[in-house]
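Notes for the one structure printed next.
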Amino acid sequence: MTKKKQKYYVVWFGNPTGIFHSWKECKKAITGVTGAQYKSFESLKEAKIAYNKEYADYRGKNTKRKKTLTKEQLEKIGEPNLYSIAVDAASSGNPGKMEYRGVDTQTHKQLFHQGPFIQGTNNVGEFLALVHGLAYLKKIGSDRIIYSDSKIAMGWVKRKKCNTKLKKSSKNKPLFELIARAETWLKTNTYATKVVKWETKAWGEIPADFGRK
């Protein structure tokens with residue numbers, strides 16, 4: 001059995017603040033604290049550096065170390081098809097304020113945008129972005145492909161079902177109404193648009209990225 005990799009948690013605003021060596025300790029420090037500020041890191045050194053900086057320097061950014069691809073792997077993947085659109089979502093918290101958009105892959109011009117929704121998740125946003133993109137391309141009669149960096153959202157679209165674990169509430173009622181509309185669209189429409197996975201490791205962040213990962 002593979003041993004779970006050690007993580008370190010920085011709490012800038014909590015009760016108490018500090019660096020914690022387990023999620024259990026971190027969770028205890030942020031539970032009940034409105035606006036708690038915290039993030040995980042892969043090494044104690046990185047956590048110590050982060051703790052001496054501001055939370056704003058890390059908020060929404062991916063702190064996981066990126067694996068570099070070999071020359072052969074890059075050649076096999078090739079370059080992205082610029083005759084396409086790209087979609088992405090961003091969520092401040094899980095759940096939290098969520099928004100999504102679609103852009104022209106080559107020019108980065110924003111083609112559509114929805115949100116922010118008061119209570120949503122990134123996966124839901126990725127799903128809605130994909131469906132919105134499919135509907136958009138069909139409406140304008142475009143044969144471009146569509147890129148997404150979310151395998152989960154691509155799977156949900158393929159199954160025509162948003163399999164979110166987000167619980168319905170008065171706060172997210174408009175979001176669930178939009179989810180229902182998206183699922184209905186998938187079940188009542190056909191499309192020839194090819195949905196393709198964006199190769200982040202080879203190409204960098206997807207053009208529709210909000211810059212908060």
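Identifiers in this document derive from the order of the structure tokens: chains are assigned A, B, ..., residues are numbered from 1 separately in each chain, and ligands are numbered from 1 in order of occurrence.
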May I have the residues within 8 Å of Ile19 of chain A as a short mmCIF file (atom, residue, chain, number, x, y, z; two decimals) with N, CA, C and O atoms, in the first residue's frame, using only C-alpha atoms and disregarding those fewer than 6 positions away in the same chain?
```cif
data_model
loop_
_atom_site.label_atom_id
_atom_site.label_comp_id
_atom_site.auth_asym_id
_atom_site.auth_seq_id
_atom_site.Cartn_x
_atom_site.Cartn_y
_atom_site.Cartn_z
N TYR A 8 1.62 19.94 4.44
CA TYR A 8 1.74 20.94 5.51
C TYR A 8 0.74 22.06 5.24
O TYR A 8 0.57 22.48 4.09
N TYR A 9 0.09 22.52 6.28
CA TYR A 9 -0.99 23.49 6.13
C TYR A 9 -0.65 24.81 6.83
O TYR A 9 -0.31 24.83 8.01
N VAL A 10 -0.75 25.87 6.05
CA VAL A 10 -0.51 27.21 6.60
C VAL A 10 -1.85 27.87 6.87
O VAL A 10 -2.73 27.89 6.01
N VAL A 11 -2.02 28.40 8.07
CA VAL A 11 -3.23 29.14 8.43
C VAL A 11 -2.80 30.57 8.76
O VAL A 11 -2.16 30.82 9.78
N ALA A 47 6.02 25.79 3.20
CA ALA A 47 5.03 26.28 4.15
C ALA A 47 5.59 27.42 4.99
O ALA A 47 4.91 28.42 5.24
N LYS A 48 6.84 27.29 5.41
CA LYS A 48 7.47 28.34 6.23
C LYS A 48 7.64 29.63 5.43
O LYS A 48 7.42 30.72 5.95
N TYR A 51 4.16 31.21 5.09
CA TYR A 51 3.64 31.77 6.34
C TYR A 51 4.19 33.17 6.60
O TYR A 51 3.54 34.01 7.23
#
```
Next item on the list: Output as a PyMOL selection string all residues of chain A that backbone DSSP marks as strand (DSSP E or B).
Entry: chain A and resi 8-13+18-20+37-41+84-93+96-104+110-120+145-148+195-197
Note to self: Could you go through segment 36-96 of chain A and tell me which residues DSSP, when run on the backbone, assigns to alpha helix (DSSP H), listing them as a list in words?
What the structure shows: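 In segment 36-96 of chain A, DSSP puts these residues in alpha helix (DSSP H): Leu44, Lys45, Glu46, Ala47, Lys48, Ile49, Ala50, Tyr51, Lys71, Glu72, Gln73, Leu74, Glu75, Lys76 and Ile77 of chain A.
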Check: From the list A:Lys53, A:Lys28, A:His132, A:Arg181, which residue is nearest Val87 of chain A when using only C-alpha atoms?
Finding: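 Looking only at the distances to Val87 of chain A, the closest residue turns out to be A:His132.
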Note to self: Set the distance at 12 Å and use only C-alpha atoms: which residues neighbour Tyr83 of chain A once local chain neighbours fewer than 6 positions away are removed? I'd like the list as a PyMOL selection string.
What the structure shows: chain A and resi 103-108+142-147+194
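Distances to Ala50 of chain A were evaluated for A:Gly78, A:Gly18, A:Gly35, A:Pro116 using only C-alpha atoms, and the minimum falls at A:Gly18.
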Notebook entry, point to check: Residues at most 8 Å from Tyr100 of chain A, counting only C-alpha atoms, excluding those fewer than 2 positions away in the same chain, as a list in words?
Noted result: Val87, Asp88, Ala89, Ala90, Met98, Gly102, His113, Gln114, Gly115, Pro116, Gly125, Glu126, Leu128 and Ala129 of chain A
Generate a file of the selected residues that holds all heavy atoms, formatted as a PDB file, in the first residue's frame.
```pdb
ATOM      1  N   VAL A  87     -12.912  26.659 -22.596  1.00  0.00           N
ATOM      2  CA  VAL A  87     -13.793  27.024 -21.484  1.00  0.00           C
ATOM      3  C   VAL A  87     -13.124  26.688 -20.155  1.00  0.00           C
ATOM      4  O   VAL A  87     -12.285  25.796 -20.076  1.00  0.00           O
ATOM      5  CB  VAL A  87     -15.159  26.297 -21.576  1.00  0.00           C
ATOM      6  CG1 VAL A  87     -15.881  26.676 -22.863  1.00  0.00           C
ATOM      7  CG2 VAL A  87     -14.995  24.779 -21.496  1.00  0.00           C
ATOM      8  N   ASP A  88     -13.518  27.425 -19.133  1.00  0.00           N
ATOM      9  CA  ASP A  88     -12.965  27.167 -17.804  1.00  0.00           C
ATOM     10  C   ASP A  88     -13.869  27.796 -16.751  1.00  0.00           C
ATOM     11  O   ASP A  88     -14.757  28.599 -17.074  1.00  0.00           O
ATOM     12  CB  ASP A  88     -11.557  27.752 -17.691  1.00  0.00           C
ATOM     13  CG  ASP A  88     -10.767  27.147 -16.538  1.00  0.00           C
ATOM     14  OD1 ASP A  88     -11.159  26.062 -16.066  1.00  0.00           O
ATOM     15  OD2 ASP A  88      -9.772  27.748 -16.107  1.00  0.00           O
ATOM     16  N   ALA A  89     -13.642  27.410 -15.499  1.00  0.00           N
ATOM     17  CA  ALA A  89     -14.423  27.945 -14.379  1.00  0.00           C
ATOM     18  C   ALA A  89     -13.487  28.251 -13.229  1.00  0.00           C
ATOM     19  O   ALA A  89     -12.354  27.766 -13.176  1.00  0.00           O
ATOM     20  CB  ALA A  89     -15.486  26.935 -13.933  1.00  0.00           C
ATOM     21  N   ALA A  90     -13.955  29.058 -12.297  1.00  0.00           N
ATOM     22  CA  ALA A  90     -13.186  29.386 -11.102  1.00  0.00           C
ATOM     23  C   ALA A  90     -14.135  29.461  -9.925  1.00  0.00           C
ATOM     24  O   ALA A  90     -15.239  29.993 -10.036  1.00  0.00           O
ATOM     25  CB  ALA A  90     -12.454  30.708 -11.282  1.00  0.00           C
ATOM     26  N   MET A  98     -18.729  31.157  -7.670  1.00  0.00           N
ATOM     27  CA  MET A  98     -18.233  30.478  -8.864  1.00  0.00           C
ATOM     28  C   MET A  98     -18.655  31.229 -10.122  1.00  0.00           C
ATOM     29  O   MET A  98     -19.740  31.795 -10.180  1.00  0.00           O
ATOM     30  CB  MET A  98     -18.765  29.038  -8.895  1.00  0.00           C
ATOM     31  CG  MET A  98     -18.324  28.226 -10.124  1.00  0.00           C
ATOM     32  SD  MET A  98     -19.407  28.465 -11.570  1.00  0.00           S
ATOM     33  CE  MET A  98     -20.877  27.594 -11.024  1.00  0.00           C
ATOM     34  N   GLY A 102     -16.101  31.273 -21.664  1.00  0.00           N
ATOM     35  CA  GLY A 102     -15.547  30.663 -22.859  1.00  0.00           C
ATOM     36  C   GLY A 102     -14.824  31.731 -23.655  1.00  0.00           C
ATOM     37  O   GLY A 102     -15.279  32.877 -23.707  1.00  0.00           O
ATOM     38  N   HIS A 113     -19.758  34.598 -20.658  1.00  0.00           N
ATOM     39  CA  HIS A 113     -19.388  34.586 -19.246  1.00  0.00           C
ATOM     40  C   HIS A 113     -20.650  34.535 -18.403  1.00  0.00           C
ATOM     41  O   HIS A 113     -21.639  35.205 -18.707  1.00  0.00           O
ATOM     42  CB  HIS A 113     -18.584  35.843 -18.899  1.00  0.00           C
ATOM     43  CG  HIS A 113     -18.294  35.984 -17.430  1.00  0.00           C
ATOM     44  ND1 HIS A 113     -19.087  36.714 -16.576  1.00  0.00           N
ATOM     45  CD2 HIS A 113     -17.297  35.468 -16.671  1.00  0.00           C
ATOM     46  CE1 HIS A 113     -18.597  36.640 -15.350  1.00  0.00           C
ATOM     47  NE2 HIS A 113     -17.505  35.898 -15.380  1.00  0.00           N
ATOM     48  N   GLN A 114     -20.635  33.711 -17.364  1.00  0.00           N
ATOM     49  CA  GLN A 114     -21.763  33.610 -16.437  1.00  0.00           C
ATOM     50  C   GLN A 114     -21.250  33.634 -15.003  1.00  0.00           C
ATOM     51  O   GLN A 114     -20.245  33.017 -14.675  1.00  0.00           O
ATOM     52  CB  GLN A 114     -22.545  32.307 -16.667  1.00  0.00           C
ATOM     53  CG  GLN A 114     -23.344  32.270 -17.959  1.00  0.00           C
ATOM     54  CD  GLN A 114     -24.566  33.163 -17.917  1.00  0.00           C
ATOM     55  OE1 GLN A 114     -25.108  33.432 -16.848  1.00  0.00           O
ATOM     56  NE2 GLN A 114     -25.009  33.632 -19.069  1.00  0.00           N
ATOM     57  N   GLY A 115     -21.974  34.357 -14.136  1.00  0.00           N
ATOM     58  CA  GLY A 115     -21.606  34.404 -12.729  1.00  0.00           C
ATOM     59  C   GLY A 115     -21.153  35.792 -12.324  1.00  0.00           C
ATOM     60  O   GLY A 115     -21.204  36.731 -13.133  1.00  0.00           O
ATOM     61  N   PRO A 116     -20.733  35.918 -11.075  1.00  0.00           N
ATOM     62  CA  PRO A 116     -20.557  34.790 -10.149  1.00  0.00           C
ATOM     63  C   PRO A 116     -21.861  34.321  -9.514  1.00  0.00           C
ATOM     64  O   PRO A 116     -22.774  35.103  -9.307  1.00  0.00           O
ATOM     65  CB  PRO A 116     -19.631  35.375  -9.079  1.00  0.00           C
ATOM     66  CG  PRO A 116     -19.935  36.840  -9.083  1.00  0.00           C
ATOM     67  CD  PRO A 116     -20.241  37.187 -10.510  1.00  0.00           C
ATOM     68  N   GLY A 125     -19.098  24.448 -12.437  1.00  0.00           N
ATOM     69  CA  GLY A 125     -18.781  25.514 -13.375  1.00  0.00           C
ATOM     70  C   GLY A 125     -18.169  24.986 -14.656  1.00  0.00           C
ATOM     71  O   GLY A 125     -18.500  25.441 -15.762  1.00  0.00           O
ATOM     72  N   GLU A 126     -17.271  24.010 -14.545  1.00  0.00           N
ATOM     73  CA  GLU A 126     -16.643  23.409 -15.720  1.00  0.00           C
ATOM     74  C   GLU A 126     -17.696  22.716 -16.596  1.00  0.00           C
ATOM     75  O   GLU A 126     -17.638  22.793 -17.838  1.00  0.00           O
ATOM     76  CB  GLU A 126     -15.580  22.395 -15.285  1.00  0.00           C
ATOM     77  CG  GLU A 126     -14.426  22.979 -14.482  1.00  0.00           C
ATOM     78  CD  GLU A 126     -13.303  23.508 -15.352  1.00  0.00           C
ATOM     79  OE1 GLU A 126     -13.516  23.664 -16.569  1.00  0.00           O
ATOM     80  OE2 GLU A 126     -12.221  23.776 -14.802  1.00  0.00           O
ATOM     81  N   LEU A 128     -21.016  23.402 -16.725  1.00  0.00           N
ATOM     82  CA  LEU A 128     -21.870  24.418 -17.341  1.00  0.00           C
ATOM     83  C   LEU A 128     -21.146  25.146 -18.463  1.00  0.00           C
ATOM     84  O   LEU A 128     -21.748  25.479 -19.490  1.00  0.00           O
ATOM     85  CB  LEU A 128     -22.339  25.411 -16.282  1.00  0.00           C
ATOM     86  CG  LEU A 128     -23.314  24.862 -15.234  1.00  0.00           C
ATOM     87  CD1 LEU A 128     -23.565  25.913 -14.148  1.00  0.00           C
ATOM     88  CD2 LEU A 128     -24.635  24.446 -15.885  1.00  0.00           C
ATOM     89  N   ALA A 129     -19.852  25.385 -18.278  1.00  0.00           N
ATOM     90  CA  ALA A 129     -19.069  26.060 -19.303  1.00  0.00           C
ATOM     91  C   ALA A 129     -19.017  25.232 -20.583  1.00  0.00           C
ATOM     92  O   ALA A 129     -19.138  25.759 -21.692  1.00  0.00           O
ATOM     93  CB  ALA A 129     -17.655  26.322 -18.791  1.00  0.00           C
TER      94      ALA A 129
END
```
